[in-house]
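Peer 1: Let me begin by handing over the structure; questions about it come next.
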Amino acid sequence: MNTATPDPIERVVPITRAQTRNRLLSRLDDADFALLQPHLVRVPFAVGEVILRAGDAVESFCFLEAGIAGVLDALEGERCYAVGLVGAEGFVGWPPLLGDDRSPYDVVMRAEHGEALRIPADVLLAAAARSETLRVTLLRFVQVFMIQMGRTIVSALAHPVERRLARWILLYHDRVCEDDISMTHEEFRLMLGVRRSSVTDALHRLEEQQAIRAVRGRVIVRDRATLIALAGDTYGGPEHHYRRLLGEERSR
């Protein structure tokens, strides 16, 4: 007689509001969070891992809890440039909310290992169809990202490299856990699209202002207020609209 103990049935334990580190999910009311809660699964992402690939069908939404998702556009299918960043303030995978089942961009984990709460796209779309408040909240985040992307474009056209660099460092700093940020020359190329010598000159100017310290493969933020002053109006607009449209974070 076979007396082996059968393997226990794997059971997914729903993630509670107190357990999520995603600030957008924390802003949902109880009813909207309950629509998503049974379907949220925490998944890890390594640095450089592709979350979404341009042209592929979007099968799930990812609400980030840690790390930075770089939204990248490609020229001639090879050289990629960052058009925006998403961290724990939001989610990636929004094209189905706008009527498109394909991703127009590559979305790649940058700078540090990340985690996200993943939910199937059809489940989230069904929940958004049931709840107007959920749908509006999700679309408001998409609007904030579009504002961020617009500022990226305008800044690239109008501002010197050091101001743009200060902005990107702030965007990374907003989304990582420490002042010590992994920022390689590959990161700078994605963000700025300029020659290595121009990046080096811009880093030196930020160091002269004692805003940062640059070491091999890393940037250490020394004075955030100085960085904000150097970034000028390239930084702060999307962050203001996030608070305006989505309100303050719910207490836990």
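In the structure tokens, each chain is lettered A, B, ... as it comes, each chain's residues begin at 1, and ligands are numbered from 1 in order of appearance.
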Compile the contact shell of stretch 233-246 of chain A as a PDB file with all heavy atoms, in the first residue's frame: residues with an atom at most 6 Å away, counting only C-alpha atoms, same-chain residues fewer than 5 positions apart removed.

Peer 2:
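For reference, selection_5.pdb as written:
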ATOM      1  N   VAL A 144      -0.995  61.036 -15.802  1.00  0.00           N
ATOM      2  CA  VAL A 144       0.221  61.547 -15.157  1.00  0.00           C
ATOM      3  C   VAL A 144       1.459  61.071 -15.908  1.00  0.00           C
ATOM      4  O   VAL A 144       2.409  61.840 -16.127  1.00  0.00           O
ATOM      5  CB  VAL A 144       0.275  61.110 -13.684  1.00  0.00           C
ATOM      6  CG1 VAL A 144       1.643  61.431 -13.074  1.00  0.00           C
ATOM      7  CG2 VAL A 144      -0.825  61.787 -12.885  1.00  0.00           C
ATOM      8  N   ILE A 147       1.973  63.105 -18.944  1.00  0.00           N
ATOM      9  CA  ILE A 147       2.543  64.416 -18.600  1.00  0.00           C
ATOM     10  C   ILE A 147       4.048  64.285 -18.388  1.00  0.00           C
ATOM     11  O   ILE A 147       4.838  65.115 -18.847  1.00  0.00           O
ATOM     12  CB  ILE A 147       1.854  64.989 -17.347  1.00  0.00           C
ATOM     13  CG1 ILE A 147       0.382  65.297 -17.643  1.00  0.00           C
ATOM     14  CG2 ILE A 147       2.576  66.251 -16.864  1.00  0.00           C
ATOM     15  CD1 ILE A 147      -0.426  65.647 -16.405  1.00  0.00           C
ATOM     16  N   GLN A 148       4.468  63.217 -17.684  1.00  0.00           N
ATOM     17  CA  GLN A 148       5.901  62.975 -17.488  1.00  0.00           C
ATOM     18  C   GLN A 148       6.607  62.791 -18.828  1.00  0.00           C
ATOM     19  O   GLN A 148       7.683  63.358 -19.058  1.00  0.00           O
ATOM     20  CB  GLN A 148       6.125  61.731 -16.621  1.00  0.00           C
ATOM     21  CG  GLN A 148       7.583  61.446 -16.341  1.00  0.00           C
ATOM     22  CD  GLN A 148       7.859  60.007 -15.947  1.00  0.00           C
ATOM     23  OE1 GLN A 148       8.837  59.403 -16.381  1.00  0.00           O
ATOM     24  NE2 GLN A 148       7.011  59.431 -15.100  1.00  0.00           N
ATOM     25  N   ARG A 167      17.344  66.239 -13.591  1.00  0.00           N
ATOM     26  CA  ARG A 167      15.957  65.741 -13.569  1.00  0.00           C
ATOM     27  C   ARG A 167      15.907  64.224 -13.507  1.00  0.00           C
ATOM     28  O   ARG A 167      15.175  63.645 -12.685  1.00  0.00           O
ATOM     29  CB  ARG A 167      15.219  66.225 -14.812  1.00  0.00           C
ATOM     30  CG  ARG A 167      13.831  65.597 -14.990  1.00  0.00           C
ATOM     31  CD  ARG A 167      13.182  66.043 -16.288  1.00  0.00           C
ATOM     32  NE  ARG A 167      11.853  65.473 -16.433  1.00  0.00           N
ATOM     33  CZ  ARG A 167      11.562  64.404 -17.176  1.00  0.00           C
ATOM     34  NH1 ARG A 167      12.540  63.806 -17.862  1.00  0.00           N
ATOM     35  NH2 ARG A 167      10.332  63.946 -17.249  1.00  0.00           N
TER      36      ARG A 167
END

Peer 1: Name the residues in contact with A:Gly90 at a cut-off of 9 Å, using only C-alpha atoms, excluding same-chain residues fewer than 6 positions from it; report them as a list in words.

Peer 2: Asn22, Arg23, Leu24, Leu25, Cys62, Phe63, Leu64, Glu65, Leu138, Phe141, Val142 and Phe145 of chain A

Peer 1: Would you write out those residues with N, CA, C and O atoms, as an mmCIF file, in the first residue's frame?

Peer 2:
data_model
loop_
_atom_site.group_PDB
_atom_site.id
_atom_site.type_symbol
_atom_site.label_atom_id
_atom_site.label_comp_id
_atom_site.auth_asym_id
_atom_site.auth_seq_id
_atom_site.Cartn_x
_atom_site.Cartn_y
_atom_site.Cartn_z
ATOM 1 N N ASN A 22 2.666 49.291 -3.198
ATOM 2 C CA ASN A 22 2.327 50.107 -4.357
ATOM 3 C C ASN A 22 1.406 51.241 -3.915
ATOM 4 O O ASN A 22 0.334 51.012 -3.356
ATOM 5 N N ARG A 23 1.824 52.468 -4.167
ATOM 6 C CA ARG A 23 1.096 53.613 -3.639
ATOM 7 C C ARG A 23 -0.231 53.851 -4.352
ATOM 8 O O ARG A 23 -1.155 54.412 -3.761
ATOM 9 N N LEU A 24 -0.327 53.430 -5.607
ATOM 10 C CA LEU A 24 -1.600 53.590 -6.304
ATOM 11 C C LEU A 24 -2.644 52.631 -5.722
ATOM 12 O O LEU A 24 -3.789 53.027 -5.472
ATOM 13 N N LEU A 25 -2.255 51.383 -5.505
ATOM 14 C CA LEU A 25 -3.188 50.444 -4.881
ATOM 15 C C LEU A 25 -3.603 50.909 -3.494
ATOM 16 O O LEU A 25 -4.750 50.722 -3.081
ATOM 17 N N CYS A 62 1.188 45.164 -14.206
ATOM 18 C CA CYS A 62 2.110 45.035 -13.080
ATOM 19 C C CYS A 62 2.117 46.328 -12.270
ATOM 20 O O CYS A 62 2.491 47.387 -12.793
ATOM 21 N N PHE A 63 1.696 46.237 -11.016
ATOM 22 C CA PHE A 63 1.755 47.353 -10.076
ATOM 23 C C PHE A 63 3.068 47.236 -9.313
ATOM 24 O O PHE A 63 3.235 46.331 -8.486
ATOM 25 N N LEU A 64 3.991 48.138 -9.590
ATOM 26 C CA LEU A 64 5.319 48.010 -9.016
ATOM 27 C C LEU A 64 5.318 48.294 -7.520
ATOM 28 O O LEU A 64 4.609 49.185 -7.043
ATOM 29 N N GLU A 65 6.129 47.518 -6.800
ATOM 30 C CA GLU A 65 6.336 47.739 -5.369
ATOM 31 C C GLU A 65 7.769 48.178 -5.074
ATOM 32 O O GLU A 65 8.022 48.836 -4.070
ATOM 33 N N LEU A 138 -7.200 54.461 -12.493
ATOM 34 C CA LEU A 138 -6.189 53.896 -13.380
ATOM 35 C C LEU A 138 -5.871 54.844 -14.535
ATOM 36 O O LEU A 138 -4.703 55.058 -14.880
ATOM 37 N N PHE A 141 -3.702 57.789 -13.550
ATOM 38 C CA PHE A 141 -2.267 57.515 -13.523
ATOM 39 C C PHE A 141 -1.685 57.551 -14.933
ATOM 40 O O PHE A 141 -0.586 58.067 -15.139
ATOM 41 N N VAL A 142 -2.404 56.986 -15.899
ATOM 42 C CA VAL A 142 -1.926 57.029 -17.283
ATOM 43 C C VAL A 142 -1.745 58.479 -17.727
ATOM 44 O O VAL A 142 -0.758 58.818 -18.392
ATOM 45 N N PHE A 145 1.467 59.802 -16.321
ATOM 46 C CA PHE A 145 2.626 59.311 -17.071
ATOM 47 C C PHE A 145 2.771 60.062 -18.387
ATOM 48 O O PHE A 145 3.893 60.375 -18.801
#

Peer 1: Name all residues at most 10 Å from stretch 113-125 of chain A (count only C-alpha atoms; drop same-chain ones fewer than 2 positions away) and give them as a ChimeraX atom specification.

Peer 2: /A:15,20-22,25,35-49,58-69,87-88,91-97,101,109-111,127-131,134-135,176

Peer 1: Write the residues you've just listed into a file as a short mmCIF file (atom, residue, chain, number, x, y, z; two decimals), in the first residue's frame, and include N, CA and C atoms for each of them.

Peer 2:
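See again.cif below for the written result:
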data_model
loop_
_atom_site.label_atom_id
_atom_site.label_comp_id
_atom_site.auth_asym_id
_atom_site.auth_seq_id
_atom_site.Cartn_x
_atom_site.Cartn_y
_atom_site.Cartn_z
N ILE A 15 -3.21 39.06 -1.06
CA ILE A 15 -2.36 40.11 -0.50
C ILE A 15 -3.24 41.19 0.09
N THR A 20 0.79 45.61 0.64
CA THR A 20 1.23 46.16 -0.63
C THR A 20 2.04 47.43 -0.43
N ARG A 21 3.09 47.55 -1.23
CA ARG A 21 3.93 48.75 -1.20
C ARG A 21 3.68 49.62 -2.43
N ASN A 22 2.67 49.29 -3.20
CA ASN A 22 2.33 50.11 -4.36
C ASN A 22 1.41 51.24 -3.91
N LEU A 25 -2.25 51.38 -5.51
CA LEU A 25 -3.19 50.44 -4.88
C LEU A 25 -3.60 50.91 -3.49
N LEU A 35 -11.91 44.17 -5.49
CA LEU A 35 -12.07 43.62 -6.83
C LEU A 35 -10.77 43.02 -7.36
N LEU A 36 -9.65 43.60 -6.96
CA LEU A 36 -8.34 43.17 -7.46
C LEU A 36 -7.65 42.17 -6.54
N GLN A 37 -7.90 42.27 -5.26
CA GLN A 37 -7.13 41.55 -4.25
C GLN A 37 -6.97 40.05 -4.51
N PRO A 38 -8.02 39.30 -4.86
CA PRO A 38 -7.83 37.84 -5.02
C PRO A 38 -6.92 37.46 -6.18
N HIS A 39 -6.64 38.40 -7.08
CA HIS A 39 -5.92 38.09 -8.32
C HIS A 39 -4.50 38.64 -8.34
N LEU A 40 -4.08 39.34 -7.30
CA LEU A 40 -2.75 39.94 -7.25
C LEU A 40 -1.72 38.90 -6.83
N VAL A 41 -0.67 38.76 -7.61
CA VAL A 41 0.41 37.82 -7.32
C VAL A 41 1.73 38.58 -7.35
N ARG A 42 2.52 38.44 -6.30
CA ARG A 42 3.81 39.15 -6.24
C ARG A 42 4.85 38.40 -7.07
N VAL A 43 5.54 39.15 -7.94
CA VAL A 43 6.56 38.56 -8.82
C VAL A 43 7.83 39.40 -8.75
N PRO A 44 9.01 38.76 -8.82
CA PRO A 44 10.28 39.50 -8.84
C PRO A 44 10.72 39.79 -10.26
N PHE A 45 11.54 40.83 -10.42
CA PHE A 45 12.15 41.15 -11.70
C PHE A 45 13.61 41.48 -11.47
N ALA A 46 14.48 40.87 -12.25
CA ALA A 46 15.91 41.17 -12.19
C ALA A 46 16.22 42.42 -13.00
N VAL A 47 17.34 43.07 -12.68
CA VAL A 47 17.77 44.23 -13.47
C VAL A 47 17.97 43.79 -14.92
N GLY A 48 17.38 44.54 -15.82
CA GLY A 48 17.49 44.23 -17.24
C GLY A 48 16.40 43.31 -17.76
N GLU A 49 15.58 42.78 -16.87
CA GLU A 49 14.52 41.87 -17.32
C GLU A 49 13.42 42.65 -18.03
N VAL A 58 -0.42 42.52 -24.54
CA VAL A 58 -0.34 42.81 -23.10
C VAL A 58 -1.25 41.82 -22.39
N GLU A 59 -0.66 40.90 -21.65
CA GLU A 59 -1.43 39.86 -20.98
C GLU A 59 -1.66 40.14 -19.51
N SER A 60 -0.90 41.07 -18.95
CA SER A 60 -1.07 41.37 -17.53
C SER A 60 -0.66 42.80 -17.24
N PHE A 61 -1.13 43.30 -16.11
CA PHE A 61 -0.74 44.59 -15.57
C PHE A 61 0.18 44.33 -14.39
N CYS A 62 1.19 45.16 -14.21
CA CYS A 62 2.11 45.04 -13.08
C CYS A 62 2.12 46.33 -12.27
N PHE A 63 1.70 46.24 -11.02
CA PHE A 63 1.76 47.35 -10.08
C PHE A 63 3.07 47.24 -9.31
N LEU A 64 3.99 48.14 -9.59
CA LEU A 64 5.32 48.01 -9.02
C LEU A 64 5.32 48.29 -7.52
N GLU A 65 6.13 47.52 -6.80
CA GLU A 65 6.34 47.74 -5.37
C GLU A 65 7.77 48.18 -5.07
N ALA A 66 8.70 47.79 -5.93
CA ALA A 66 10.10 48.17 -5.76
C ALA A 66 10.75 48.16 -7.14
N GLY A 67 11.79 49.00 -7.28
CA GLY A 67 12.50 49.06 -8.54
C GLY A 67 11.93 50.10 -9.48
N ILE A 68 12.56 50.21 -10.64
CA ILE A 68 12.19 51.21 -11.64
C ILE A 68 11.93 50.51 -12.97
N ALA A 69 10.77 50.74 -13.52
CA ALA A 69 10.47 50.24 -14.87
C ALA A 69 10.77 51.37 -15.85
N GLY A 87 7.56 53.69 -11.05
CA GLY A 87 7.97 52.98 -9.84
C GLY A 87 6.76 52.57 -9.04
N ALA A 88 6.91 52.58 -7.72
CA ALA A 88 5.84 52.13 -6.84
C ALA A 88 4.65 53.08 -6.82
N PHE A 91 1.74 51.72 -12.31
CA PHE A 91 1.69 50.39 -12.91
C PHE A 91 2.09 50.48 -14.37
N VAL A 92 2.40 49.34 -14.94
CA VAL A 92 2.68 49.25 -16.38
C VAL A 92 1.73 48.23 -16.99
N GLY A 93 1.50 48.39 -18.31
CA GLY A 93 0.59 47.51 -19.01
C GLY A 93 -0.72 48.17 -19.38
N TRP A 94 -0.75 49.52 -19.38
CA TRP A 94 -2.01 50.24 -19.56
C TRP A 94 -2.62 50.25 -20.95
N PRO A 95 -1.94 49.87 -22.06
CA PRO A 95 -2.59 49.98 -23.37
C PRO A 95 -3.99 49.40 -23.48
N PRO A 96 -4.31 48.23 -22.86
CA PRO A 96 -5.68 47.74 -22.97
C PRO A 96 -6.73 48.69 -22.39
N LEU A 97 -6.34 49.48 -21.40
CA LEU A 97 -7.28 50.48 -20.87
C LEU A 97 -7.63 51.54 -21.91
N ASP A 101 -4.44 46.30 -27.48
CA ASP A 101 -3.97 45.12 -26.78
C ASP A 101 -2.47 44.89 -26.94
N MET A 109 13.17 46.46 -16.42
CA MET A 109 13.56 46.80 -15.06
C MET A 109 14.96 47.42 -15.08
N ARG A 110 15.09 48.59 -14.45
CA ARG A 110 16.35 49.34 -14.45
C ARG A 110 16.88 49.49 -13.02
N ALA A 111 18.16 49.74 -12.92
CA ALA A 111 18.86 50.23 -11.72
C ALA A 111 18.95 49.22 -10.58
N ALA A 127 -12.76 44.32 -13.89
CA ALA A 127 -12.96 45.09 -12.66
C ALA A 127 -13.18 46.57 -12.97
N ALA A 128 -12.40 47.11 -13.92
CA ALA A 128 -12.56 48.51 -14.30
C ALA A 128 -13.92 48.76 -14.94
N ALA A 129 -14.46 47.76 -15.66
CA ALA A 129 -15.79 47.90 -16.25
C ALA A 129 -16.87 47.90 -15.18
N ARG A 130 -16.62 47.22 -14.06
CA ARG A 130 -17.60 47.16 -12.96
C ARG A 130 -17.57 48.41 -12.11
N SER A 131 -16.39 49.04 -12.00
CA SER A 131 -16.23 50.17 -11.08
C SER A 131 -15.72 51.40 -11.80
N LEU A 134 -12.61 52.89 -9.98
CA LEU A 134 -11.36 52.18 -10.28
C LEU A 134 -10.86 52.57 -11.66
N ARG A 135 -11.75 52.58 -12.64
CA ARG A 135 -11.34 52.93 -14.01
C ARG A 135 -10.76 54.33 -14.06
N VAL A 176 13.83 54.76 -5.85
CA VAL A 176 14.72 53.76 -5.25
C VAL A 176 14.73 53.93 -3.74
#

Peer 1: Please run DSSP on the backbone and report, as a short mmCIF file (atom, residue, chain, number, x, y, z; two decimals) with N, CA and C atoms, in the first residue's frame, all residues within stretch 95-170 of chain A that come out as alpha helix (DSSP H).

Peer 2:
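New file states_8.cif:
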data_model
loop_
_atom_site.label_atom_id
_atom_site.label_comp_id
_atom_site.auth_asym_id
_atom_site.auth_seq_id
_atom_site.Cartn_x
_atom_site.Cartn_y
_atom_site.Cartn_z
N ALA A 121 -4.65 40.82 -17.42
CA ALA A 121 -5.26 41.99 -18.06
C ALA A 121 -6.78 41.87 -18.14
N ASP A 122 -7.28 40.67 -18.47
CA ASP A 122 -8.73 40.54 -18.61
C ASP A 122 -9.44 40.71 -17.29
N VAL A 123 -8.78 40.30 -16.19
CA VAL A 123 -9.38 40.46 -14.87
C VAL A 123 -9.45 41.93 -14.49
N LEU A 124 -8.36 42.66 -14.73
CA LEU A 124 -8.36 44.08 -14.38
C LEU A 124 -9.35 44.86 -15.25
N LEU A 125 -9.43 44.54 -16.53
CA LEU A 125 -10.38 45.22 -17.40
C LEU A 125 -11.81 44.97 -16.96
N ALA A 126 -12.10 43.74 -16.54
CA ALA A 126 -13.45 43.43 -16.05
C ALA A 126 -13.76 44.21 -14.78
N ALA A 127 -12.76 44.32 -13.89
CA ALA A 127 -12.96 45.09 -12.66
C ALA A 127 -13.18 46.57 -12.97
N ALA A 128 -12.40 47.11 -13.92
CA ALA A 128 -12.56 48.51 -14.30
C ALA A 128 -13.92 48.76 -14.94
N ALA A 129 -14.46 47.76 -15.66
CA ALA A 129 -15.79 47.90 -16.25
C ALA A 129 -16.87 47.90 -15.18
N ARG A 130 -16.62 47.22 -14.06
CA ARG A 130 -17.60 47.16 -12.96
C ARG A 130 -17.57 48.41 -12.11
N GLU A 132 -16.54 52.42 -11.85
CA GLU A 132 -16.14 53.69 -12.48
C GLU A 132 -15.00 54.34 -11.72
N THR A 133 -15.02 54.25 -10.39
CA THR A 133 -13.96 54.89 -9.60
C THR A 133 -12.61 54.20 -9.84
N LEU A 134 -12.61 52.89 -9.98
CA LEU A 134 -11.36 52.18 -10.28
C LEU A 134 -10.86 52.57 -11.66
N ARG A 135 -11.75 52.58 -12.64
CA ARG A 135 -11.34 52.93 -14.01
C ARG A 135 -10.76 54.33 -14.06
N VAL A 136 -11.40 55.29 -13.38
CA VAL A 136 -10.91 56.66 -13.39
C VAL A 136 -9.55 56.76 -12.72
N THR A 137 -9.36 56.06 -11.61
CA THR A 137 -8.07 56.09 -10.92
C THR A 137 -6.95 55.58 -11.82
N LEU A 138 -7.20 54.46 -12.49
CA LEU A 138 -6.19 53.90 -13.38
C LEU A 138 -5.87 54.84 -14.53
N LEU A 139 -6.91 55.44 -15.12
CA LEU A 139 -6.70 56.35 -16.24
C LEU A 139 -6.01 57.64 -15.79
N ARG A 140 -6.27 58.06 -14.57
CA ARG A 140 -5.58 59.25 -14.07
C ARG A 140 -4.08 59.00 -13.95
N PHE A 141 -3.70 57.79 -13.55
CA PHE A 141 -2.27 57.52 -13.52
C PHE A 141 -1.69 57.55 -14.93
N VAL A 142 -2.40 56.99 -15.90
CA VAL A 142 -1.93 57.03 -17.28
C VAL A 142 -1.75 58.48 -17.73
N GLN A 143 -2.67 59.35 -17.33
CA GLN A 143 -2.55 60.77 -17.67
C GLN A 143 -1.29 61.37 -17.05
N VAL A 144 -1.00 61.04 -15.80
CA VAL A 144 0.22 61.55 -15.16
C VAL A 144 1.46 61.07 -15.91
N PHE A 145 1.47 59.80 -16.32
CA PHE A 145 2.63 59.31 -17.07
C PHE A 145 2.77 60.06 -18.39
N MET A 146 1.67 60.35 -19.06
CA MET A 146 1.74 61.10 -20.31
C MET A 146 2.31 62.50 -20.07
N ILE A 147 1.97 63.11 -18.94
CA ILE A 147 2.54 64.42 -18.60
C ILE A 147 4.05 64.29 -18.39
N GLN A 148 4.47 63.22 -17.68
CA GLN A 148 5.90 62.98 -17.49
C GLN A 148 6.61 62.79 -18.83
N MET A 149 6.00 62.03 -19.73
CA MET A 149 6.62 61.77 -21.02
C MET A 149 6.71 63.05 -21.84
N GLY A 150 5.67 63.88 -21.77
CA GLY A 150 5.71 65.16 -22.47
C GLY A 150 6.83 66.05 -21.96
N ARG A 151 7.04 66.06 -20.64
CA ARG A 151 8.12 66.87 -20.08
C ARG A 151 9.48 66.32 -20.51
N THR A 152 9.59 65.01 -20.64
CA THR A 152 10.83 64.40 -21.14
C THR A 152 11.16 64.91 -22.53
N ILE A 153 10.15 64.97 -23.39
CA ILE A 153 10.35 65.43 -24.77
C ILE A 153 10.75 66.90 -24.80
N VAL A 154 10.01 67.73 -24.07
CA VAL A 154 10.29 69.17 -24.07
C VAL A 154 11.68 69.44 -23.49
N SER A 155 12.02 68.73 -22.42
CA SER A 155 13.32 68.94 -21.80
C SER A 155 14.45 68.56 -22.75
N ALA A 156 14.26 67.47 -23.50
CA ALA A 156 15.29 67.05 -24.45
C ALA A 156 15.49 68.08 -25.55
N LEU A 157 14.44 68.82 -25.89
CA LEU A 157 14.53 69.82 -26.95
C LEU A 157 15.08 71.15 -26.46
N ALA A 158 14.82 71.48 -25.19
CA ALA A 158 15.03 72.86 -24.75
C ALA A 158 16.11 73.07 -23.70
N VAL A 161 22.32 69.65 -21.02
CA VAL A 161 22.47 68.28 -20.55
C VAL A 161 22.47 68.21 -19.03
N GLU A 162 23.16 69.14 -18.35
CA GLU A 162 23.23 69.04 -16.89
C GLU A 162 21.87 69.21 -16.23
N ARG A 163 20.99 70.04 -16.81
CA ARG A 163 19.65 70.19 -16.24
C ARG A 163 18.83 68.93 -16.46
N ARG A 164 18.94 68.36 -17.64
CA ARG A 164 18.24 67.10 -17.92
C ARG A 164 18.76 65.98 -17.03
N LEU A 165 20.07 65.95 -16.82
CA LEU A 165 20.64 64.92 -15.97
C LEU A 165 20.14 65.06 -14.53
N ALA A 166 20.09 66.30 -14.02
CA ALA A 166 19.57 66.52 -12.68
C ALA A 166 18.14 66.00 -12.56
N ARG A 167 17.34 66.24 -13.59
CA ARG A 167 15.96 65.74 -13.57
C ARG A 167 15.91 64.22 -13.51
N TRP A 168 16.68 63.56 -14.38
CA TRP A 168 16.63 62.10 -14.40
C TRP A 168 17.12 61.51 -13.08
N ILE A 169 18.14 62.09 -12.49
CA ILE A 169 18.62 61.59 -11.20
C ILE A 169 17.51 61.72 -10.15
N LEU A 170 16.78 62.83 -10.18
CA LEU A 170 15.66 63.00 -9.25
C LEU A 170 14.57 61.95 -9.49
#

Peer 1: Report, in Å to a single decimal, how far apart atom CA of A:Thr226 and atom CA of A:Glu112 are.

Peer 2: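 Here the two named atoms are 24.3 Å from each other.
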
Peer 1: Between atom CA of A:Ser26 and atom CA of A:Asp180, what is the spacing in Å?

Peer 2: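 So the two atoms, atom CA of A:Asp180 and atom CA of A:Ser26, lie 26.5 Å apart.
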
Peer 1: Interatomic distance between atom CA of A:His204 and atom CA of A:Met183?

Peer 2: 14.8 Å

Peer 1: So that I can see what lies close to A:Val71, please list as a PyMOL selection string the residues with an atom at most 7 Å from it, counting only C-alpha atoms and leaving out residues fewer than 3 positions away in the same chain.

Peer 2: chain A and resi 82-85+105-108

Peer 1: The selected residues should be written to file as an mmCIF file, in the first residue's frame (atoms: C-alpha atoms).

Peer 2:
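Listing of result_36.cif after writing:
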data_model
loop_
_atom_site.group_PDB
_atom_site.id
_atom_site.type_symbol
_atom_site.label_atom_id
_atom_site.label_comp_id
_atom_site.auth_asym_id
_atom_site.auth_seq_id
_atom_site.Cartn_x
_atom_site.Cartn_y
_atom_site.Cartn_z
ATOM 1 C CA ALA A 82 13.983 56.277 -22.126
ATOM 2 C CA VAL A 83 10.728 58.188 -22.512
ATOM 3 C CA GLY A 84 9.587 57.736 -18.927
ATOM 4 C CA LEU A 85 9.895 55.849 -15.649
ATOM 5 C CA TYR A 105 7.139 50.349 -25.867
ATOM 6 C CA ASP A 106 9.645 48.044 -24.269
ATOM 7 C CA VAL A 107 9.359 48.150 -20.491
ATOM 8 C CA VAL A 108 12.522 46.984 -18.720
#

Peer 1: Let's see if you can do this: from backbone DSSP, list all strand (DSSP E) residues in stretch 7-246 of chain A, as a ChimeraX atom specification.

Peer 2: /A:41-45,50-52,60-75,79-86,91-92,106-120,180-182,212-215,218-221

Peer 1: I need the residue nearest A:Pro14 from this list: A:Cys80, A:Leu28, A:Ala202, A:Ala34. Use only C-alpha atoms for the distance.

Peer 2: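 Ranking A:Cys80, A:Leu28, A:Ala202, A:Ala34 by distance to A:Pro14, first place goes to A:Ala34.
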
Peer 1: With only C-alpha atoms as the atoms that count, which of A:Val50, A:Ser103, A:Arg175, A:Ile181 lies nearest to A:Val215?

Peer 2: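 Smallest separation from A:Val215 among the options: A:Ile181.
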
Peer 1: Which of these, A:Leu75, A:Leu203, A:Val194, A:Ala57, has the shortest distance to A:Arg216 once you count only C-alpha atoms?

Peer 2: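 Ranked by minimum distance to A:Arg216, first place goes to A:Leu203.
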